[in-house]
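**Student:** Data file model-v2.tsv (TSV, C-alpha atoms) is appended below.
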```tsv
chain	number	residue	atom	x	y	z
A	280	MET	CA	34.71	-7.25	7.68
A	281	GLY	CA	33.31	-4.77	5.18
A	282	GLU	CA	32.38	-1.12	5.24
A	283	LEU	CA	29.66	0.99	3.68
A	284	VAL	CA	30.56	4.68	3.50
A	285	LEU	CA	27.69	7.08	2.83
A	286	VAL	CA	28.37	10.61	1.61
A	287	ARG	CA	25.77	13.34	1.51
A	288	HIS	CA	25.97	15.58	-1.56
A	289	GLY	CA	27.55	19.01	-1.40
A	290	GLN	CA	25.49	22.12	-0.77
A	291	ALA	CA	22.71	22.45	-3.35
A	292	ASN	CA	20.59	25.47	-4.32
A	293	SER	CA	19.12	26.11	-0.88
A	294	ALA	CA	17.10	29.11	-2.09
A	295	ALA	CA	14.93	26.90	-4.32
A	296	ASP	CA	11.21	26.30	-3.84
A	297	ASP	CA	11.05	23.01	-5.74
A	298	GLU	CA	13.11	19.93	-6.40
A	299	GLU	CA	14.05	20.84	-9.98
A	300	ASN	CA	15.67	24.13	-8.98
A	301	TYR	CA	17.21	22.69	-5.81
A	302	ASP	CA	18.96	19.90	-7.68
A	303	ARG	CA	22.30	21.51	-8.50
A	304	LEU	CA	25.37	22.23	-6.44
A	305	SER	CA	26.25	25.74	-5.38
A	306	ASP	CA	29.79	27.00	-5.90
A	307	LEU	CA	30.47	26.05	-2.28
A	308	GLY	CA	28.94	22.61	-2.87
A	309	HIS	CA	31.41	21.98	-5.70
A	310	GLN	CA	34.27	23.03	-3.43
A	311	GLN	CA	33.06	20.77	-0.62
A	312	ALA	CA	33.10	17.84	-3.05
A	313	ARG	CA	36.65	18.61	-4.18
A	314	TRP	CA	37.89	18.86	-0.60
A	315	LEU	CA	36.15	15.59	0.26
A	316	GLY	CA	37.76	13.77	-2.66
A	317	ASP	CA	41.20	15.08	-1.69
A	318	TRP	CA	40.70	13.90	1.90
A	319	LEU	CA	39.51	10.44	0.86
A	320	ARG	CA	42.47	9.91	-1.44
A	321	GLU	CA	44.88	10.92	1.32
A	322	HIS	CA	43.28	8.95	4.17
A	323	GLU	CA	41.35	6.02	2.67
A	324	ALA	CA	42.19	2.99	0.57
A	325	PRO	CA	40.45	2.96	-2.83
A	326	PHE	CA	36.87	1.75	-2.65
A	327	ASP	CA	35.85	-1.55	-4.24
A	328	GLN	CA	32.58	-0.08	-5.46
A	329	VAL	CA	31.21	3.46	-5.85
A	330	VAL	CA	27.48	4.06	-6.34
A	331	MET	CA	25.60	7.34	-6.67
A	332	GLY	CA	21.97	8.34	-6.94
A	333	SER	CA	20.62	9.56	-10.26
A	334	LEU	CA	20.05	13.17	-9.17
A	335	ARG	CA	22.18	15.98	-10.59
A	336	ARG	CA	23.57	16.93	-7.17
A	337	HIS	CA	24.74	13.34	-6.65
A	338	ARG	CA	26.51	13.28	-10.02
A	339	GLU	CA	28.12	16.68	-9.50
A	340	THR	CA	29.34	15.62	-6.05
A	341	ALA	CA	30.82	12.37	-7.36
A	342	GLU	CA	32.47	14.20	-10.27
A	343	GLY	CA	33.90	16.81	-7.92
A	344	MET	CA	35.33	14.13	-5.64
A	345	GLY	CA	37.21	12.57	-8.53
A	346	ASP	CA	38.78	9.12	-8.53
A	347	VAL	CA	38.29	7.27	-5.23
A	348	GLY	CA	38.54	3.74	-6.61
A	349	ALA	CA	35.98	2.08	-8.87
A	350	ALA	CA	34.14	4.06	-11.54
A	351	PRO	CA	30.76	5.16	-10.11
A	352	SER	CA	27.56	3.41	-11.11
A	353	VAL	CA	24.06	4.88	-10.76
A	354	ASP	CA	21.21	3.53	-8.64
A	355	ALA	CA	18.08	5.64	-8.22
A	356	ARG	CA	17.31	3.92	-4.91
A	357	LEU	CA	19.86	6.35	-3.45
A	358	ASN	CA	17.70	9.34	-4.46
A	359	GLU	CA	16.25	11.67	-1.86
A	360	MET	CA	12.68	11.57	-0.61
A	361	ASP	CA	10.30	13.98	-2.35
A	362	TYR	CA	10.38	16.54	0.49
A	363	PHE	CA	9.19	19.59	-1.45
A	364	ASN	CA	5.94	17.88	-2.46
A	365	LEU	CA	5.56	16.31	0.98
A	366	ALA	CA	5.82	19.77	2.54
A	367	LYS	CA	3.22	21.12	0.10
A	368	ALA	CA	0.86	18.25	0.88
A	369	HIS	CA	1.35	18.83	4.60
A	370	ALA	CA	0.68	22.57	4.21
A	371	ALA	CA	-2.51	21.88	2.24
A	372	ARG	CA	-3.72	19.54	4.97
A	373	THR	CA	-2.77	21.64	8.01
A	374	ASP	CA	-2.52	25.25	6.75
A	375	GLN	CA	0.92	25.45	8.37
A	376	PRO	CA	3.18	28.07	6.74
A	377	ARG	CA	6.46	27.25	5.06
A	378	PRO	CA	9.03	26.56	7.80
A	379	THR	CA	11.80	28.95	8.75
A	380	PRO	CA	15.24	27.73	9.85
A	381	GLU	CA	14.02	28.15	13.44
A	382	THR	CA	10.85	26.06	12.96
A	383	PHE	CA	12.25	23.45	10.56
A	384	VAL	CA	13.04	20.90	13.27
A	385	HIS	CA	9.36	20.78	14.27
A	386	HIS	CA	8.20	20.90	10.66
A	387	ILE	CA	10.23	17.91	9.51
A	388	LYS	CA	9.03	15.86	12.49
A	389	ASP	CA	5.40	16.65	11.65
A	390	VAL	CA	5.93	15.88	7.96
A	391	MET	CA	7.69	12.55	8.63
A	392	GLU	CA	5.01	11.41	11.06
A	393	ALA	CA	2.18	12.42	8.70
A	394	TRP	CA	3.91	10.65	5.80
A	395	HIS	CA	4.45	7.54	7.93
A	396	ARG	CA	0.72	7.51	8.83
A	397	ALA	CA	-0.10	7.88	5.10
A	398	ASP	CA	-1.94	11.14	5.81
A	399	ILE	CA	0.15	12.74	3.04
A	400	ARG	CA	2.32	11.55	0.19
A	401	GLY	CA	4.62	12.92	-2.47
A	402	ASN	CA	5.82	10.89	-5.44
A	403	GLU	CA	5.98	7.74	-3.31
A	404	THR	CA	4.63	6.41	-0.04
A	405	TYR	CA	6.69	6.25	3.13
A	406	ALA	CA	6.62	2.45	2.85
A	407	ASP	CA	8.00	2.59	-0.69
A	408	PHE	CA	10.82	4.92	0.37
A	409	GLU	CA	11.64	2.72	3.34
A	410	THR	CA	11.67	-0.39	1.15
A	411	ARG	CA	13.95	0.98	-1.56
A	412	VAL	CA	16.46	2.27	1.01
A	413	ALA	CA	16.44	-1.12	2.75
A	414	GLN	CA	17.10	-2.78	-0.61
A	415	MET	CA	20.03	-0.44	-1.19
A	416	LEU	CA	21.43	-1.19	2.25
A	417	ASP	CA	21.25	-4.92	1.56
A	418	LEU	CA	22.95	-4.43	-1.80
A	419	ALA	CA	25.76	-2.15	-0.64
A	420	ALA	CA	26.58	-3.50	2.83
A	421	VAL	CA	28.69	-6.49	1.80
A	422	PRO	CA	31.13	-8.34	4.08
A	423	GLY	CA	34.69	-8.09	2.79
A	424	LYS	CA	34.05	-5.09	0.50
A	425	ARG	CA	34.31	-1.32	0.93
A	426	VAL	CA	31.48	0.47	-0.84
A	427	LEU	CA	30.98	4.24	-1.12
A	428	CYS	CA	27.52	5.66	-1.85
A	429	VAL	CA	26.88	9.30	-2.81
A	430	THR	CA	23.34	10.08	-1.70
A	431	SER	CA	21.14	12.50	0.29
A	432	GLY	CA	20.31	13.18	3.91
A	433	GLY	CA	16.94	11.43	3.88
A	434	VAL	CA	18.48	8.19	2.66
A	435	ILE	CA	21.20	8.40	5.31
A	436	GLY	CA	18.55	9.01	7.96
A	437	MET	CA	16.47	6.06	6.77
A	438	ILE	CA	19.51	3.78	6.87
A	439	ALA	CA	20.11	4.92	10.45
A	440	ARG	CA	16.43	4.18	11.19
A	441	HIS	CA	16.92	0.60	9.96
A	442	LEU	CA	20.14	0.09	11.92
A	443	LEU	CA	19.01	1.76	15.16
A	444	ASP	CA	15.28	0.93	15.05
A	445	LEU	CA	14.28	4.60	15.23
A	446	ASP	CA	10.68	5.79	15.14
A	447	PRO	CA	9.77	8.43	12.49
A	448	ALA	CA	10.14	11.35	14.91
A	449	ARG	CA	13.64	10.33	16.01
A	450	MET	CA	14.62	9.73	12.40
A	451	ALA	CA	13.36	13.22	11.53
A	452	TYR	CA	15.44	14.80	14.28
A	453	LEU	CA	18.48	12.90	13.01
A	454	LEU	CA	18.10	14.50	9.56
A	455	VAL	CA	18.34	18.09	10.77
A	456	PRO	CA	22.09	18.30	11.57
A	457	ILE	CA	23.40	16.24	8.63
A	458	LYS	CA	26.12	18.32	6.99
A	459	ASN	CA	26.68	18.77	3.28
A	460	SER	CA	29.44	16.41	2.04
A	461	SER	CA	29.45	14.57	5.40
A	462	ILE	CA	30.72	11.02	5.85
A	463	HIS	CA	28.74	8.23	7.55
A	464	ARG	CA	30.04	4.67	8.09
A	465	VAL	CA	28.43	1.27	8.50
A	466	THR	CA	30.70	-1.56	9.61
A	467	VAL	CA	29.64	-4.85	8.03
A	468	VAL	CA	30.33	-8.19	9.73
A	469	ALA	CA	28.70	-11.56	9.24
A	470	GLU	CA	26.45	-11.12	12.26
A	471	ALA	CA	25.47	-7.47	11.97
A	472	ARG	CA	25.59	-4.08	10.27
A	473	ILE	CA	26.74	-1.46	12.75
A	474	LEU	CA	26.53	2.33	12.46
A	475	SER	CA	30.13	3.19	13.33
A	476	ALA	CA	30.35	6.89	12.37
A	477	PHE	CA	27.84	9.65	11.69
A	478	ASN	CA	28.11	13.16	10.21
A	479	ALA	CA	31.91	13.37	10.04
A	480	ILE	CA	33.44	16.31	8.14
A	481	PRO	CA	37.22	15.97	8.57
A	482	HIS	CA	37.80	17.66	5.21
A	483	LEU	CA	36.07	20.85	6.48
A	484	ARG	CA	37.95	21.19	9.76
A	485	GLY	CA	40.25	24.15	10.29
A	486	PRO	CA	39.71	27.89	10.72
A	487	ASP	CA	39.92	28.53	6.98
A	488	ARG	CA	36.94	26.22	6.27
A	489	VAL	CA	34.47	27.14	9.01
A	490	HIS	CA	32.40	28.98	6.39
A	491	ALA	CA	32.09	25.74	4.42
A	492	ILE	CA	30.21	23.77	7.13
A	493	THR	CA	26.59	23.80	5.99
A	494	GLU	CA	23.40	21.80	6.48
A	495	TYR	CA	21.48	23.27	3.52
```
Just give me the structure of the file as structure tokens.

**Tutor:**
Amino acid sequence: MGELVLVRHGQANSAADDEENYDRLSDLGHQQARWLGDWLREHEAPFDQVVMGSLRRHRETAEGMGDVGAAPSVDARLNEMDYFNLAKAHAARTDQPRPTPETFVHHIKDVMEAWHRADIRGNETYADFETRVAQMLDLAAVPGKRVLCVTSGGVIGMIARHLLDLDPARMAYLLVPIKNSSIHRVTVVAEARILSAFNAIPHLRGPDRVHAITEY
């Protein structure tokens, strides 16, 4: 039996209007990463392999976590979808305003469905994103090994789509509650890959860390 553990990056610059400015951890994001690393060292055996995306927020999260086994390698297939440009393309096509926290759940569903239909695109097509995430899942989900991947919410949602056969709308809804620095697990056996845990934040539990539970 093997295990793939997926970690979403710590809180990034949520006030940003574009990917370049979003792609750095906030002070809280750095703290979330440190707490996560401490928890993993206390409760988990060292990982056989550690892989992170090539984005700055992935690197800063992995660095903040510290030593959890193998030295991290970089694979850009773990990078997030191009949501800022997808949202701009969707707005240009529909004249919908920029979403608020209250309307985001409907906005992300509309964007994912439009992207899936190829009505809009960012830096890549939906099919290309789906394919690269599937390739990463095949590479990292290895029987007999424990692999940790530092990535983003969209990649985690797409992996869940593959494992649970979700349609684009259900995948979109799954993205909304994913917490910063959350832990997601895929159990790997010869016959199957099984989603065995989703959105766990044991390192943020306790009254002194309620403020540190964030989605964006």

**Student:** Just give me the gap between CA of Met280 in chain A and CA of Thr466 in chain A in Å, one decimal is fine.

**Tutor:**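 Pair CA of Met280 in chain A / CA of Thr466 in chain A returns 7.2 Å.
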
**Student:** List the neighbours of range 348-356 of chain A out to 8 Å using only C-alpha atoms; skip same-chain residues closer than 3 positions along the sequence, and give me the result as a tab-separated table (two decimals) with C-alpha atoms, in the frame of the given file.

**Tutor:**
```tsv
chain	number	residue	atom	x	y	z
A	325	PRO	CA	40.45	2.96	-2.83
A	326	PHE	CA	36.87	1.75	-2.65
A	327	ASP	CA	35.85	-1.55	-4.24
A	328	GLN	CA	32.58	-0.08	-5.46
A	329	VAL	CA	31.21	3.46	-5.85
A	330	VAL	CA	27.48	4.06	-6.34
A	331	MET	CA	25.60	7.34	-6.67
A	332	GLY	CA	21.97	8.34	-6.94
A	333	SER	CA	20.62	9.56	-10.26
A	334	LEU	CA	20.05	13.17	-9.17
A	341	ALA	CA	30.82	12.37	-7.36
A	411	ARG	CA	13.95	0.98	-1.56
A	412	VAL	CA	16.46	2.27	1.01
A	414	GLN	CA	17.10	-2.78	-0.61
A	415	MET	CA	20.03	-0.44	-1.19
```

**Student:** Just the residues within 10 Å of Asn478 in chain A, please, counting all atoms listed in the file, with nothing from its chain fewer than 4 positions along; format it as a PDB file with C-alpha atoms, in the frame of the given file.

**Tutor:**
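Okay, this is what ended up in around-v6.pdb:
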```pdb
ATOM      1  CA  LEU A 285      27.690   7.080   2.830  1.00  0.00           C
ATOM      2  CA  VAL A 286      28.370  10.610   1.610  1.00  0.00           C
ATOM      3  CA  ARG A 287      25.770  13.340   1.510  1.00  0.00           C
ATOM      4  CA  ILE A 435      21.200   8.400   5.310  1.00  0.00           C
ATOM      5  CA  PRO A 456      22.090  18.300  11.570  1.00  0.00           C
ATOM      6  CA  ILE A 457      23.400  16.240   8.630  1.00  0.00           C
ATOM      7  CA  LYS A 458      26.120  18.320   6.990  1.00  0.00           C
ATOM      8  CA  ASN A 459      26.680  18.770   3.280  1.00  0.00           C
ATOM      9  CA  SER A 460      29.440  16.410   2.040  1.00  0.00           C
ATOM     10  CA  SER A 461      29.450  14.570   5.400  1.00  0.00           C
ATOM     11  CA  ILE A 462      30.720  11.020   5.850  1.00  0.00           C
ATOM     12  CA  HIS A 463      28.740   8.230   7.550  1.00  0.00           C
ATOM     13  CA  ARG A 464      30.040   4.670   8.090  1.00  0.00           C
TER      14      ARG A 464
END
```

**Student:** For Leu365 in chain A, please output as a list of chain:residue names all residues within 9 Å (counting only C-alpha atoms; exclusion window: fewer than 5 positions along the same chain).

**Tutor:**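 In the requested format, the answer is A:Met360, A:Ala370, A:Val390, A:Met391, A:Trp394, A:Ile399, A:Arg400, A:Gly401, A:Asn402.
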
**Student:** Measuring between all atoms listed in the file, which one of A:Ala366, A:Leu418, A:Val429, A:Ala393 shows the shortest distance to Gly343 in chain A?

**Tutor:**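 Ranked by minimum distance to Gly343 in chain A, first place goes to A:Val429.
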